[in-house]
file target.txt (compact mmCIF, C-alpha atoms)
# COMPACT_ATOMS: atom_id res chain seq x y z
CA MET A 1 73.60 88.46 160.68
CA ARG A 2 74.65 87.34 157.19
CA ILE A 3 77.76 89.55 157.38
CA ILE A 4 78.68 88.18 160.82
CA ALA A 5 78.22 84.58 159.63
CA ALA A 6 80.38 85.21 156.58
CA LEU A 7 83.12 86.72 158.72
CA GLY A 8 82.96 83.73 161.06
CA ILE A 9 83.40 81.24 158.22
CA ALA A 10 86.29 83.26 156.83
CA GLY A 11 87.93 83.22 160.24
CA LEU A 12 87.56 79.47 160.54
CA ALA A 13 89.06 78.99 157.09
CA ALA A 14 91.98 81.23 157.96
CA THR A 15 92.76 79.17 161.04
CA GLY A 16 92.48 75.88 159.17
CA LEU A 17 89.36 74.68 161.03
CA VAL A 18 87.24 74.12 157.94
CA ALA A 19 87.68 70.58 156.57
CA CYS A 20 88.93 70.53 152.99
CA GLY A 21 88.91 66.98 151.67
CA ASP A 22 91.69 64.42 152.16
CA ASP A 23 94.64 64.67 154.50
CA SER A 24 97.24 66.79 152.68
CA SER A 25 100.04 64.68 154.16
CA ASN A 26 99.21 61.97 151.64
CA SER A 27 98.14 64.07 148.65
CA SER A 28 99.62 63.35 145.23
CA GLY A 29 101.10 66.78 144.68
CA SER A 30 104.64 67.77 145.59
CA SER A 31 104.64 71.50 146.13
CA GLY A 32 106.98 72.99 148.70
CA GLY A 33 105.77 73.01 152.27
CA GLU A 34 103.49 69.99 151.87
CA LYS A 35 103.62 67.23 154.45
CA VAL A 36 103.92 63.54 153.75
CA THR A 37 103.43 60.42 155.83
CA ILE A 38 105.85 57.61 155.05
CA GLY A 39 105.74 54.05 156.37
CA ILE A 40 108.91 52.48 157.78
CA LYS A 41 109.85 49.76 160.23
CA PHE A 42 110.52 50.90 163.78
CA ASP A 43 112.49 47.88 165.02
CA GLN A 44 115.05 47.00 162.35
CA PRO A 45 118.53 48.35 163.20
CA GLY A 46 120.41 49.46 160.11
CA ILE A 47 117.17 49.48 158.08
CA GLY A 48 114.45 51.32 159.99
CA LEU A 49 114.77 52.00 163.71
CA LYS A 50 112.97 54.37 166.07
CA GLU A 51 114.82 55.37 169.22
CA GLY A 52 113.02 58.09 171.13
CA ALA A 53 112.32 60.81 168.58
CA ASN A 54 115.09 59.69 166.24
CA TYR A 55 114.73 57.52 163.13
CA THR A 56 117.74 55.81 161.59
CA GLY A 57 118.52 53.23 158.92
CA MET A 58 118.97 52.73 155.20
CA ASP A 59 115.24 52.87 154.52
CA VAL A 60 114.97 56.10 156.51
CA ASP A 61 117.78 57.83 154.63
CA VAL A 62 116.46 56.72 151.24
CA ALA A 63 112.96 57.88 152.23
CA LYS A 64 114.25 61.31 153.29
CA TYR A 65 116.18 61.75 150.06
CA VAL A 66 113.23 60.75 147.88
CA ALA A 67 110.77 62.90 149.82
CA LYS A 68 113.00 65.94 149.43
CA GLU A 69 113.32 65.31 145.68
CA LEU A 70 109.54 65.10 145.44
CA GLY A 71 109.27 68.53 147.06
CA TYR A 72 108.35 67.66 150.63
CA ASN A 73 111.48 69.34 151.99
CA GLU A 74 111.91 66.68 154.66
CA ASP A 75 108.58 67.62 156.30
CA ILE A 76 107.92 63.96 157.02
CA THR A 77 105.84 62.02 159.49
CA PHE A 78 107.07 58.46 159.88
CA LYS A 79 104.45 55.80 160.62
CA GLU A 80 105.24 52.29 161.77
CA SER A 81 104.40 49.77 159.06
CA PRO A 82 104.54 46.15 160.26
CA SER A 83 104.79 43.59 157.47
CA ALA A 84 101.19 42.40 157.79
CA GLN A 85 99.77 45.95 157.62
CA ARG A 86 101.67 47.49 154.71
CA GLU A 87 99.09 46.88 151.98
CA THR A 88 96.26 48.16 154.19
CA LEU A 89 98.12 51.33 155.13
CA LEU A 90 98.62 52.17 151.45
CA ALA A 91 95.09 51.25 150.38
CA ASN A 92 93.55 53.37 153.15
CA GLY A 93 95.76 56.36 152.40
CA GLN A 94 97.32 56.36 155.86
CA VAL A 95 100.74 56.58 154.22
CA LYS A 96 101.86 57.98 150.87
CA MET A 97 104.86 55.69 150.45
CA ILE A 98 106.38 52.75 152.29
CA PHE A 99 110.12 52.15 152.69
CA ALA A 100 110.12 49.10 154.97
CA SER A 101 112.33 46.26 153.66
CA TYR A 102 109.38 45.70 151.33
CA SER A 103 110.32 42.96 148.86
CA ILE A 104 108.77 43.27 145.41
CA THR A 105 106.72 40.16 144.60
CA ASP A 106 104.07 39.33 142.01
CA ALA A 107 101.52 38.62 144.75
CA ARG A 108 102.07 42.01 146.35
CA LYS A 109 101.91 43.79 143.00
CA GLU A 110 98.29 42.69 142.77
CA LYS A 111 97.51 44.98 145.71
CA VAL A 112 100.09 47.79 145.54
CA SER A 113 102.45 49.46 143.07
CA PHE A 114 106.21 49.53 143.50
CA ALA A 115 108.97 51.92 142.55
CA GLY A 116 112.58 50.75 142.67
CA PRO A 117 114.17 48.48 143.64
CA TYR A 118 116.59 50.55 145.71
CA LEU A 119 118.42 47.64 147.39
CA THR A 120 118.74 43.89 146.75
CA ALA A 121 119.21 41.60 149.74
CA GLY A 122 119.00 37.84 150.31
CA GLN A 123 117.26 35.62 152.85
CA ASP A 124 119.54 34.17 155.52
CA LEU A 125 119.49 32.82 159.08
CA LEU A 126 120.41 34.29 162.46
CA VAL A 127 121.53 31.85 165.15
CA LYS A 128 123.37 31.97 168.47
CA ALA A 129 127.06 32.68 168.08
CA ASP A 130 128.08 29.25 169.40
CA ASN A 131 125.64 27.29 167.22
CA THR A 132 127.29 24.72 164.95
CA ASP A 133 124.23 22.65 163.97
CA ILE A 134 122.57 25.17 161.66
CA THR A 135 124.64 25.89 158.56
CA GLY A 136 121.86 26.60 156.07
CA PRO A 137 118.11 26.22 155.57
CA GLU A 138 118.37 22.49 154.81
CA THR A 139 119.66 21.87 158.38
CA LEU A 140 116.50 23.19 160.06
CA ASN A 141 114.44 19.98 160.16
CA GLY A 142 113.08 19.55 163.68
CA LYS A 143 114.27 23.03 164.68
CA LYS A 144 112.17 26.01 165.76
CA LEU A 145 112.32 28.84 163.23
CA CYS A 146 110.97 32.34 163.78
CA SER A 147 109.82 35.06 161.41
CA VAL A 148 107.12 37.74 161.46
CA THR A 149 103.44 37.62 160.61
CA GLY A 150 102.91 38.75 157.02
CA SER A 151 106.36 37.65 155.88
CA THR A 152 106.86 34.68 153.55
CA SER A 153 110.39 33.91 154.81
CA ALA A 154 109.71 31.05 157.26
CA GLN A 155 107.14 29.34 155.05
CA LYS A 156 109.65 29.41 152.18
CA VAL A 157 112.10 27.45 154.32
CA LYS A 158 109.43 24.87 155.19
CA ASP A 159 108.28 24.50 151.59
CA LYS A 160 111.67 24.31 149.91
CA PHE A 161 114.30 23.18 152.39
CA ALA A 162 113.10 21.64 155.67
CA SER A 163 109.60 20.16 155.72
CA THR A 164 109.64 19.31 159.45
CA VAL A 165 110.84 22.70 160.68
CA GLN A 166 108.58 24.18 163.37
CA LEU A 167 107.45 27.69 162.52
CA GLN A 168 106.97 30.43 165.12
CA GLU A 169 105.61 33.88 164.24
CA TYR A 170 105.69 37.18 166.09
CA ASP A 171 104.55 40.60 164.95
CA THR A 172 108.11 42.03 164.94
CA TYR A 173 111.59 40.67 164.30
CA SER A 174 112.82 42.12 167.58
CA LYS A 175 110.58 39.64 169.41
CA CYS A 176 112.07 36.83 167.33
CA VAL A 177 115.56 37.95 168.33
CA GLU A 178 114.53 38.10 172.00
CA ALA A 179 113.16 34.57 171.73
CA LEU A 180 116.42 33.42 170.12
CA GLY A 181 118.42 34.92 172.95
CA ALA A 182 116.18 33.20 175.51
CA GLY A 183 116.54 29.82 173.80
CA ALA A 184 112.84 29.57 172.90
CA ILE A 185 113.69 29.18 169.21
CA ASP A 186 116.71 27.97 167.26
CA ALA A 187 116.93 30.48 164.41
CA VAL A 188 115.44 33.62 162.92
CA THR A 189 115.00 33.99 159.19
CA THR A 190 114.58 37.10 157.08
CA ASP A 191 116.81 39.23 154.86
CA ASN A 192 120.54 39.31 155.57
CA THR A 193 120.40 43.11 155.82
CA ILE A 194 117.96 42.94 158.73
CA LEU A 195 119.73 40.08 160.50
CA ALA A 196 123.12 41.80 160.22
CA GLY A 197 121.62 44.89 161.86
CA TYR A 198 120.46 42.92 164.87
CA ALA A 199 123.74 41.00 165.19
CA SER A 200 125.74 44.25 165.15
CA GLN A 201 123.66 46.05 167.80
CA GLU A 202 125.75 46.94 170.84
CA ALA A 203 123.55 44.88 173.16
CA ASN A 204 123.81 41.83 170.88
CA LYS A 205 127.50 41.85 169.98
CA GLY A 206 128.99 38.42 170.46
CA LYS A 207 125.59 36.79 171.04
CA PHE A 208 124.44 36.05 167.51
CA LYS A 209 125.81 35.41 164.04
CA VAL A 210 124.43 35.45 160.52
CA VAL A 211 124.96 32.04 158.93
CA GLY A 212 126.03 33.72 155.67
CA LYS A 213 124.35 31.39 153.19
CA THR A 214 121.70 33.38 151.33
CA PHE A 215 119.00 31.42 149.53
CA SER A 216 116.77 34.00 147.88
CA THR A 217 116.81 37.37 146.13
CA GLU A 218 114.88 40.14 147.89
CA ARG A 219 114.43 43.33 145.89
CA TYR A 220 113.38 46.19 148.17
CA GLY A 221 110.82 48.45 146.54
CA VAL A 222 108.98 51.61 147.50
CA GLY A 223 105.37 50.67 148.17
CA LEU A 224 102.76 52.97 146.64
CA LYS A 225 98.99 52.96 146.33
CA LYS A 226 97.93 50.68 143.50
CA GLY A 227 98.02 52.52 140.16
CA ASP A 228 99.91 55.62 141.34
CA THR A 229 102.20 55.71 138.31
CA GLU A 230 102.84 59.45 138.62
CA THR A 231 104.48 59.10 142.02
CA CYS A 232 106.21 55.90 140.94
CA THR A 233 107.93 57.70 138.07
CA LYS A 234 109.03 60.56 140.33
CA VAL A 235 110.37 58.12 142.94
CA ASN A 236 112.39 56.21 140.33
CA ASP A 237 113.87 59.48 139.07
CA ALA A 238 114.83 60.41 142.62
CA LEU A 239 116.40 57.00 143.27
CA LYS A 240 118.48 57.27 140.11
CA LYS A 241 119.71 60.68 141.20
CA MET A 242 120.59 59.32 144.64
CA VAL A 243 122.67 56.54 143.10
CA ASP A 244 124.36 58.76 140.50
CA SER A 245 125.26 61.43 143.07
CA GLY A 246 126.93 58.96 145.43
CA GLU A 247 124.40 59.60 148.20
CA TRP A 248 123.12 56.01 148.03
CA GLN A 249 126.61 54.66 148.77
CA LYS A 250 127.02 57.09 151.66
CA ALA A 251 123.74 55.92 153.15
CA PHE A 252 124.73 52.26 152.79
CA ASP A 253 128.18 52.81 154.33
CA LYS A 254 126.66 54.65 157.29
CA ASN A 255 123.82 52.27 158.04
CA LEU A 256 124.92 48.79 156.95
CA GLY A 257 128.67 49.13 156.53
CA PRO A 258 129.45 48.72 160.26
CA SER A 259 127.88 45.23 160.30
CA GLY A 260 130.39 44.02 157.72
CA LEU A 261 127.57 43.04 155.38
CA LYS A 262 128.60 42.47 151.78
CA LEU A 263 125.94 42.71 149.10
CA ASP A 264 126.08 41.63 145.47
CA PRO A 265 127.81 44.47 143.57
CA ALA A 266 125.93 43.47 140.41
CA THR A 267 122.70 44.80 141.94
CA ASN A 268 123.88 47.20 144.66
CA PRO A 269 123.71 50.11 144.08
CA PRO A 270 120.80 49.49 141.68
CA LYS A 271 121.60 49.91 137.99
CA THR A 272 118.03 49.83 136.68
CA PHE A 273 114.55 50.36 138.08
CA ASP A 274 111.31 48.57 137.27
CA ALA A 275 108.95 50.24 134.83
CA CYS A 276 105.99 52.00 136.40
CA ALA A 277 102.98 50.11 135.04

call {"tool": "encode", "arguments": {"input": "target.txt", "output": "structure tokens"}}
result
Amino acid sequence: MRIIAALGIAGLAATGLVACGDDSSNSSGSSGGEKVTIGIKFDQPGIGLKEGANYTGMDVDVAKYVAKELGYNEDITFKESPSAQRETLLANGQVKMIFASYSITDARKEKVSFAGPYLTAGQDLLVKADNTDITGPETLNGKKLCSVTGSTSAQKVKDKFASTVQLQEYDTYSKCVEALGAGAIDAVTTDNTILAGYASQEANKGKFKVVGKTFSTERYGVGLKKGDTETCTKVNDALKKMVDSGEWQKAFDKNLGPSGLKLDPATNPPKTFDACA
């Protein structure tokens, strides 16, 4: 009986049915053949977009490059990471890294660690193509402004530029854009990279425009579990290699170039990366 039991356990182990600790997709190692789960946005054209089984965007291409450099050989599972859930997904180990237009801020650094930045954007406004009233954040008093839950973009406008603006929140930017098209709101605010992606979508061409007056600096970082300096260092090394090899520029030209978006050449591609504390 002891021999039979031993053989049974060995068989279970061989077929992978014996539990062995944490999910290997989010383990800290980087040996070949390992799987990794990475958080991205699913609804941001040009940044992170899921269409059927395909994932496209700047964040996606940077994530694939970094994952390969870390030894995952593109064996990636992408998990949707809405703005309000990013810190929780990292803290719970549901994702190893997050590439999701994730601006580095002091408040967020209290909960997560960041590698990067790998792109620097700026907050802007999306309005209907024929709108002439809204020319910048200071012209939003009395208007309805949309952003997503967990983002600080709309509140920043209310605090700094237009105290009587009416704020509307949805869980995704795509819902904000739908509301803009339907006339339920007057403007959408977030990073110019994201807004340009929506404006350049085939279904939206001619409907919307980016105002083109940025009023913030948004440094996109790679979100990591708090204190994971080992992975942070490896990610920064991978990002530097991506920039130096020209692959970063190729990714930008492919994903954001068609929108006509122009970013500050002083910070794009990135010249330096934050220290991993």

call {"tool": "closest_residue", "arguments": {"input": "target.txt", "among": "A:Ser163, A:Asn73, A:Gln123, A:Thr229", "to": "Gly142 of chain A", "atoms": "only C-alpha atoms"}}
result
A:Ser163

call {"tool": "residues_around", "arguments": {"input": "target.txt", "residues": "segment 98-107 of chain A", "least_positions_apart": "4", "cutoff": "10 Å", "atoms": "all atoms listed in the file", "output": "tab-separated table (two decimals) with C-alpha atoms, in the coordinates of the input"}}
result
chain	number	residue	atom	x	y	z
A	37	THR	CA	103.43	60.42	155.83
A	38	ILE	CA	105.85	57.61	155.05
A	39	GLY	CA	105.74	54.05	156.37
A	40	ILE	CA	108.91	52.48	157.78
A	41	LYS	CA	109.85	49.76	160.23
A	42	PHE	CA	110.52	50.90	163.78
A	44	GLN	CA	115.05	47.00	162.35
A	47	ILE	CA	117.17	49.48	158.08
A	48	GLY	CA	114.45	51.32	159.99
A	58	MET	CA	118.97	52.73	155.20
A	59	ASP	CA	115.24	52.87	154.52
A	60	VAL	CA	114.97	56.10	156.51
A	61	ASP	CA	117.78	57.83	154.63
A	62	VAL	CA	116.46	56.72	151.24
A	63	ALA	CA	112.96	57.88	152.23
A	78	PHE	CA	107.07	58.46	159.88
A	79	LYS	CA	104.45	55.80	160.62
A	80	GLU	CA	105.24	52.29	161.77
A	81	SER	CA	104.40	49.77	159.06
A	82	PRO	CA	104.54	46.15	160.26
A	83	SER	CA	104.79	43.59	157.47
A	86	ARG	CA	101.67	47.49	154.71
A	87	GLU	CA	99.09	46.88	151.98
A	89	LEU	CA	98.12	51.33	155.13
A	90	LEU	CA	98.62	52.17	151.45
A	111	LYS	CA	97.51	44.98	145.71
A	112	VAL	CA	100.09	47.79	145.54
A	113	SER	CA	102.45	49.46	143.07
A	114	PHE	CA	106.21	49.53	143.50
A	115	ALA	CA	108.97	51.92	142.55
A	116	GLY	CA	112.58	50.75	142.67
A	117	PRO	CA	114.17	48.48	143.64
A	118	TYR	CA	116.59	50.55	145.71
A	119	LEU	CA	118.42	47.64	147.39
A	120	THR	CA	118.74	43.89	146.75
A	121	ALA	CA	119.21	41.60	149.74
A	151	SER	CA	106.36	37.65	155.88
A	191	ASP	CA	116.81	39.23	154.86
A	193	THR	CA	120.40	43.11	155.82
A	194	ILE	CA	117.96	42.94	158.73
A	217	THR	CA	116.81	37.37	146.13
A	218	GLU	CA	114.88	40.14	147.89
A	219	ARG	CA	114.43	43.33	145.89
A	220	TYR	CA	113.38	46.19	148.17
A	221	GLY	CA	110.82	48.45	146.54
A	222	VAL	CA	108.98	51.61	147.50
A	223	GLY	CA	105.37	50.67	148.17
A	224	LEU	CA	102.76	52.97	146.64
A	225	LYS	CA	98.99	52.96	146.33

call {"tool": "atom_distance", "arguments": {"input": "target.txt", "atom1": "atom CA of Phe273 of chain A", "atom2": "atom CA of Gly227 of chain A"}}
result
16.8 Å

call {"tool": "closest_atom_pairs", "arguments": {"input": "target.txt", "of": "segment 46-161 of chain A", "to": "segment 170-174 of chain A", "cutoff": "8 Å", "atoms": "all atoms listed in the file", "output": "tab-separated table"}}
result
residue	atom	partner	partner_atom	distance
A:Pro82	CA	A:Thr172	CA	7.2
A:Cys146	CA	A:Tyr170	CA	7.5
A:Ser147	CA	A:Tyr173	CA	6.6
A:Val148	CA	A:Tyr170	CA	4.9
A:Thr149	CA	A:Asp171	CA	5.4

call {"tool": "closest_residue", "arguments": {"input": "target.txt", "among": "A:Cys176, A:Glu138, A:Asn268, A:Tyr198", "to": "Asp159 of chain A", "atoms": "all atoms listed in the file"}}
result
A:Glu138

call {"tool": "closest_residue", "arguments": {"input": "target.txt", "among": "A:Asp43, A:Glu110, A:Glu169, A:Asp130", "to": "Val210 of chain A", "atoms": "only C-alpha atoms"}}
result
A:Asp130

call {"tool": "closest_residue", "arguments": {"input": "target.txt", "among": "A:Asn236, A:Thr214, A:Thr135, A:Thr88", "to": "Lys262 of chain A", "atoms": "all atoms listed in the file"}}
result
A:Thr214

call {"tool": "atom_distance", "arguments": {"input": "target.txt", "atom1": "atom CA of Thr231 of chain A", "atom2": "atom CA of Glu69 of chain A"}}
result
11.4 Å

call {"tool": "residues_near_point", "arguments": {"input": "target.txt", "point": "(106.6, 62.6, 157.8)", "cutoff": "10 Å", "atoms": "all atoms listed in the file", "output": "list in words"}}
result
Ser25, Asn26, Glu34, Lys35, Val36, Thr37, Ile38, Gly39, Ala63, Lys64, Ala67, Tyr72, Glu74, Asp75, Ile76, Thr77, Phe78, Lys79, Val95 and Lys96 of chain A
